[in-house]
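Shown next, in structure tokens, is the structure this report addresses.
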Amino acid sequence: MLDYVFSLALSLPPLLYAVVALVSVWYIMNRNSYPKNIPPLPVRPYPILGHLPMLGKNTLEVFKKWQKSTGDIYSIYMGHQLAVVLSSYPILKEAFIKNGDYFSDRPHRFVDTDERFAGGIADTSGPVWKEQRGVTVSILKQFGMGKNWMAERINTEVKFYMDHLAKSNSKPIEVRSLTNACIANIICSILIGKRFELEDPYFQNFFQILAQQALLLEGTSILKVFPWLKYLPGDLFHAKKMLKNEELFRTDFSLKYINEMRENTDEENYQNFIKSYQMEEDKRRKSGHDTTLNEQNLIMIMTNLFQAGTETTSTTILWALLFILHNPEVEKKLQQEIDEVIGTEKAPTVEDKIKLKYVNAVIMETQRLGGVGPLGLPHLCTKTTTIGGYTIPEGTMVMQHLTAVLHDEKNWKDPMIFRPERFLDDAGNVVVPDCFIPFSIGRRSCPGDALAKLELFIFITNIFQKFSIQPEDPDNLPSLEPVFGLTCTTKPFKIRFIPRDN
């Protein structure tokens, strides 16, 4: 992410360097000293850029080094913006739970000035965020109850996923695109009540837009620190391209189905997130209550669910496959439990989840060791507060180093070893330590965690009920080295899916 930013910086025109020089003079003249009693700085920051040039290609490795030298809470400067990094469970708990009132807002984004892309859940704060999150969680919870409408949607997509694996005829295949597409299709089913054929050009088009956005967001990270860069000629940091994609998704997908649902009054046959949101909006307005429920917030919630719910879940599935390739004894235990509890013919259901204890342990260990969301989303301190004995000034950006918690030797024995048994007690029952926080903690924890857990369970159980997996080359296992970006993902790899009935 940041190495991309600085490689671009080398190609900037001389005029921009002159602008940076003038800003540097202003910055130095207007900054007398660091705030008192803030968490320690690991190293002295550069003028203007702060610690940005020091983060390199792998920010996590730099943070790990700074944590060892400075402690579990330390300060860095993202340009002129003071940021505090929280790297242990006790510190995160003190900030996000005990002092949640002051750490539940989000910093501003470079797109916040454009009303078309404001609102939703991920980047809003205050009353807007509280109402949008509350309604979203309520709707998703409703879909998970009764006949388990949500599980039915996941099971439908898993069948198509399994068919594609079977068609590979045990040959090595790369499943990243297939997995991403199927998870995205689940989000479609929840939002609009229908799935698309994976080869559908319409689906492929907006799916590619979403995939491209994930890459573009990395390049626009510097705009959070220096938002004025978006006004430079051209599109050096892909801000214009990202906004164009946002608008395409808004008009060609979100508004298309929002209008369709608004015009249709057949509520029974149009059960989906959009219709449920619109019904709740109408209910609140008719009752005379002030509400932030509106079309714009609905559009951004749809975007949030796609962006957050597709990449993280599909990447976790990829990590599970990769870890099991490196630990074949785990596959044997998985399949033994699945065979004993549900057999080889009956399709796994949500009711089986509580009985498949080792399956759950494998999923949690994958989330722990994979650390798909290593830094989560940043928070904003809204009132000067004391955390860990240090002062966090109002307006400070607060970063959560979740991977540090999930890999902390104080919490986990042999943390870099894939060992699902760490989540089982002596009687074989599932044990979930407080420090297991892949979805973060506090008020801004992931609102879609229940959906993600259900997707992971149904996908993983189905895969290993029907297939055994083998590497493309048994003598050359794919790398476990992560690729760090907005998420911590795997390097590309191919895998063989061998039908168990063979």
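Naming scheme: A, B, ... for chains in displayed order of the structure tokens; residues 1 onward per chain; ligands 1 onward as shown.
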Which residues are near Gln400 of chain A? Cut-off 10 Å, only C-alpha atoms, ignore same chain within fewer than 4 positions. Put them as a list in words.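 So the residues in contact are Ile73, Val84, Val85, Leu86, Ser87, Ser88, Tyr89, Ile91, Leu92, Phe96, Pro374, Leu375, Gly376, Leu377, Pro378, His379, Ala404, Val405, Ser440 and Ile441 of chain A.
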Report as JSON lines: every residue of segment 418-469 of chain A with an atom at most 12 Å from segment 308-314 of chain A, its closest pair of atoms, and their distance in Å to one decimal, counting only C-alpha atoms, with rows sorted by chain and ascending residue number.
```
{"residue": "A:Pro438", "atom": "CA", "partner": "A:Thr312", "partner_atom": "CA", "distance": 10.6}
{"residue": "A:Phe439", "atom": "CA", "partner": "A:Thr312", "partner_atom": "CA", "distance": 10.4}
{"residue": "A:Cys446", "atom": "CA", "partner": "A:Ala308", "partner_atom": "CA", "distance": 8.9}
{"residue": "A:Pro447", "atom": "CA", "partner": "A:Gly309", "partner_atom": "CA", "distance": 10.0}
{"residue": "A:Gly448", "atom": "CA", "partner": "A:Gly309", "partner_atom": "CA", "distance": 7.2}
{"residue": "A:Asp449", "atom": "CA", "partner": "A:Gly309", "partner_atom": "CA", "distance": 9.0}
{"residue": "A:Ala450", "atom": "CA", "partner": "A:Gly309", "partner_atom": "CA", "distance": 11.0}
{"residue": "A:Leu451", "atom": "CA", "partner": "A:Gly309", "partner_atom": "CA", "distance": 8.5}
{"residue": "A:Ala452", "atom": "CA", "partner": "A:Thr313", "partner_atom": "CA", "distance": 6.1}
{"residue": "A:Lys453", "atom": "CA", "partner": "A:Thr313", "partner_atom": "CA", "distance": 8.6}
{"residue": "A:Leu454", "atom": "CA", "partner": "A:Thr313", "partner_atom": "CA", "distance": 10.2}
{"residue": "A:Glu455", "atom": "CA", "partner": "A:Thr313", "partner_atom": "CA", "distance": 7.6}
{"residue": "A:Leu456", "atom": "CA", "partner": "A:Thr313", "partner_atom": "CA", "distance": 7.0}
{"residue": "A:Phe457", "atom": "CA", "partner": "A:Thr313", "partner_atom": "CA", "distance": 10.8}
{"residue": "A:Ile458", "atom": "CA", "partner": "A:Thr313", "partner_atom": "CA", "distance": 11.9}
{"residue": "A:Phe459", "atom": "CA", "partner": "A:Ser314", "partner_atom": "CA", "distance": 9.8}
{"residue": "A:Ile460", "atom": "CA", "partner": "A:Ser314", "partner_atom": "CA", "distance": 11.1}
```
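With only C-alpha atoms as the atoms that count, the residue of A:His238, A:Lys130, A:Arg250, A:Arg153 with the shortest distance to Ala118 of chain A is A:Arg250.
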Please provide as a list in words all residues within 10 Å of segment 417-426 of chain A, with the sequence filter that same-chain residues fewer than 3 positions apart are discarded (counting only C-alpha atoms).
Phe323, Ile324, His326, Asn327, Val330, Lys357, Tyr358, Val359, Asn360, Ala361, Val362, Ile363, Met364, Glu365, Thr366, Arg368, Leu369, Gly370, His407, Trp412, Lys413, Asp414, Asn429, Val430, Val431, Val432, Pro433 and Phe436 of chain A
The residue from A:Phe493, A:Ile76, A:Ile97, A:Tyr202 with the smallest atom-to-atom distance to Pro39 of chain A, counting only C-alpha atoms, is A:Ile76
Restricting to only C-alpha atoms, whichever of A:Pro201, A:Pro107, A:Pro35, A:Gly120 is closest to Gly395 of chain A is A:Pro107
The residue from A:Phe273, A:Leu406, A:Leu223, A:Val372 with the smallest atom-to-atom distance to Thr487 of chain A, counting only C-alpha atoms, is A:Val372
Which is closest to Leu255 of chain A among A:Asn148, A:Leu380, A:Glu174, A:Arg116, if we use only C-alpha atoms?
->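 Using only C-alpha atoms, Leu255 of chain A sits closest to A:Arg116.
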- Item | Separation of atom CA of Leu215 of chain A from atom CA of Asn245 of chain A in Å |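 Straight-line distance from atom CA of Asn245 of chain A to atom CA of Leu215 of chain A works out to 11.9 Å.
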Query raised in the report: Closest to Met300 of chain A among A:Lys93, A:Lys57, A:Lys383, A:Arg133, using only C-alpha atoms?
Result: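 Between A:Lys93, A:Lys57, A:Lys383, A:Arg133, the residue approaching Met300 of chain A most closely is A:Arg133.
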Residues of segment 334-463 of chain A in helix (DSSP H, G or I), written as number ranges by chain = A: 334-341, 350-352, 357-370, 402-406, 420-423, 449-463
Report, in Å to a single decimal, how far apart atom CA of Met416 of chain A and atom CA of Thr403 of chain A are.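 Separating atom CA of Thr403 of chain A from atom CA of Met416 of chain A is a distance of 11.3 Å.
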From atom CA of Trp66 of chain A to atom CA of Gly371 of chain A the spacing works out at 18.7 Å
request  = Mind checking which residues fall within 9 Å of segment 98-100 of chain A, counting only C-alpha atoms, ignoring those fewer than 6 positions away in the same chain, and posting them as an MDAnalysis selection string?
outcome  = chainID A and resid 385 387 442:443
message: At a cut-off of 8 Å, using only C-alpha atoms, what residues contact segment 340-351 of chain A? Leave out same-chain residues fewer than 2 positions from it and give the result as a VMD selection string.
response: chain A and resid 151 336 to 338 353 to 356 454 458 461 to 462 465 to 466
If we count only C-alpha atoms and set the cut-off at 12 Å, which residues sit around Lys65 of chain A, ignoring sequence neighbours fewer than 3 positions away in its own chain? Please answer as a PDB file with N, CA, C and O atoms, in the first residue's frame.
```pdb
ATOM      1  N   PRO A  42       7.947   5.705  18.521  1.00  0.00           N
ATOM      2  CA  PRO A  42       9.007   4.706  18.334  1.00  0.00           C
ATOM      3  C   PRO A  42      10.274   5.304  17.739  1.00  0.00           C
ATOM      4  O   PRO A  42      11.381   4.914  18.098  1.00  0.00           O
ATOM      5  N   VAL A  43      10.112   6.244  16.831  1.00  0.00           N
ATOM      6  CA  VAL A  43      11.226   6.988  16.232  1.00  0.00           C
ATOM      7  C   VAL A  43      10.706   8.388  15.918  1.00  0.00           C
ATOM      8  O   VAL A  43       9.499   8.615  15.831  1.00  0.00           O
ATOM      9  N   MET A  54       8.449   5.414   6.734  1.00  0.00           N
ATOM     10  CA  MET A  54       9.075   4.325   7.475  1.00  0.00           C
ATOM     11  C   MET A  54       8.262   3.041   7.447  1.00  0.00           C
ATOM     12  O   MET A  54       8.753   1.988   7.855  1.00  0.00           O
ATOM     13  N   LEU A  55       7.025   3.101   6.964  1.00  0.00           N
ATOM     14  CA  LEU A  55       6.148   1.940   7.065  1.00  0.00           C
ATOM     15  C   LEU A  55       6.447   0.876   6.016  1.00  0.00           C
ATOM     16  O   LEU A  55       6.143  -0.293   6.215  1.00  0.00           O
ATOM     17  N   ASN A  58       5.542  -3.694   4.234  1.00  0.00           N
ATOM     18  CA  ASN A  58       4.760  -4.486   5.181  1.00  0.00           C
ATOM     19  C   ASN A  58       4.600  -3.719   6.484  1.00  0.00           C
ATOM     20  O   ASN A  58       5.449  -3.783   7.374  1.00  0.00           O
ATOM     21  N   THR A  59       3.523  -2.978   6.583  1.00  0.00           N
ATOM     22  CA  THR A  59       3.274  -2.158   7.762  1.00  0.00           C
ATOM     23  C   THR A  59       3.207  -3.009   9.023  1.00  0.00           C
ATOM     24  O   THR A  59       3.651  -2.576  10.093  1.00  0.00           O
ATOM     25  N   LEU A  60       2.681  -4.220   8.903  1.00  0.00           N
ATOM     26  CA  LEU A  60       2.537  -5.070  10.086  1.00  0.00           C
ATOM     27  C   LEU A  60       3.883  -5.412  10.710  1.00  0.00           C
ATOM     28  O   LEU A  60       4.025  -5.455  11.939  1.00  0.00           O
ATOM     29  N   GLU A  61       4.882  -5.670   9.876  1.00  0.00           N
ATOM     30  CA  GLU A  61       6.210  -5.991  10.402  1.00  0.00           C
ATOM     31  C   GLU A  61       6.813  -4.782  11.110  1.00  0.00           C
ATOM     32  O   GLU A  61       7.475  -4.920  12.144  1.00  0.00           O
ATOM     33  N   VAL A  62       6.590  -3.600  10.552  1.00  0.00           N
ATOM     34  CA  VAL A  62       7.093  -2.379  11.194  1.00  0.00           C
ATOM     35  C   VAL A  62       6.384  -2.171  12.529  1.00  0.00           C
ATOM     36  O   VAL A  62       7.014  -1.872  13.549  1.00  0.00           O
ATOM     37  N   LYS A  68       7.587  -3.994  20.047  1.00  0.00           N
ATOM     38  CA  LYS A  68       8.618  -4.592  20.895  1.00  0.00           C
ATOM     39  C   LYS A  68       9.490  -3.524  21.550  1.00  0.00           C
ATOM     40  O   LYS A  68       9.890  -3.654  22.708  1.00  0.00           O
ATOM     41  N   SER A  69       9.786  -2.463  20.806  1.00  0.00           N
ATOM     42  CA  SER A  69      10.697  -1.439  21.329  1.00  0.00           C
ATOM     43  C   SER A  69       9.987  -0.377  22.161  1.00  0.00           C
ATOM     44  O   SER A  69      10.609   0.248  23.033  1.00  0.00           O
ATOM     45  N   THR A  70       8.685  -0.178  21.910  1.00  0.00           N
ATOM     46  CA  THR A  70       7.983   0.956  22.523  1.00  0.00           C
ATOM     47  C   THR A  70       6.879   0.538  23.483  1.00  0.00           C
ATOM     48  O   THR A  70       6.590   1.259  24.431  1.00  0.00           O
ATOM     49  N   GLY A  71       6.249  -0.610  23.253  1.00  0.00           N
ATOM     50  CA  GLY A  71       5.160  -1.055  24.109  1.00  0.00           C
ATOM     51  C   GLY A  71       3.872  -1.253  23.336  1.00  0.00           C
ATOM     52  O   GLY A  71       3.815  -1.080  22.113  1.00  0.00           O
ATOM     53  N   ASP A  72       2.820  -1.624  24.059  1.00  0.00           N
ATOM     54  CA  ASP A  72       1.548  -1.981  23.427  1.00  0.00           C
ATOM     55  C   ASP A  72       0.724  -0.774  22.993  1.00  0.00           C
ATOM     56  O   ASP A  72      -0.316  -0.939  22.354  1.00  0.00           O
ATOM     57  N   TYR A  74       1.506   3.182  21.348  1.00  0.00           N
ATOM     58  CA  TYR A  74       2.507   4.155  20.918  1.00  0.00           C
ATOM     59  C   TYR A  74       1.894   5.102  19.892  1.00  0.00           C
ATOM     60  O   TYR A  74       0.815   4.854  19.349  1.00  0.00           O
ATOM     61  N   SER A  87      -2.151  -2.159  20.605  1.00  0.00           N
ATOM     62  CA  SER A  87      -1.623  -3.444  20.152  1.00  0.00           C
ATOM     63  C   SER A  87      -1.801  -4.589  21.139  1.00  0.00           C
ATOM     64  O   SER A  87      -1.154  -5.624  20.989  1.00  0.00           O
ATOM     65  N   ALA A 404      -1.700  -8.136  16.165  1.00  0.00           N
ATOM     66  CA  ALA A 404      -0.827  -8.211  17.339  1.00  0.00           C
ATOM     67  C   ALA A 404      -1.521  -8.943  18.479  1.00  0.00           C
ATOM     68  O   ALA A 404      -0.888  -9.710  19.218  1.00  0.00           O
TER      69      ALA A 404
END
```
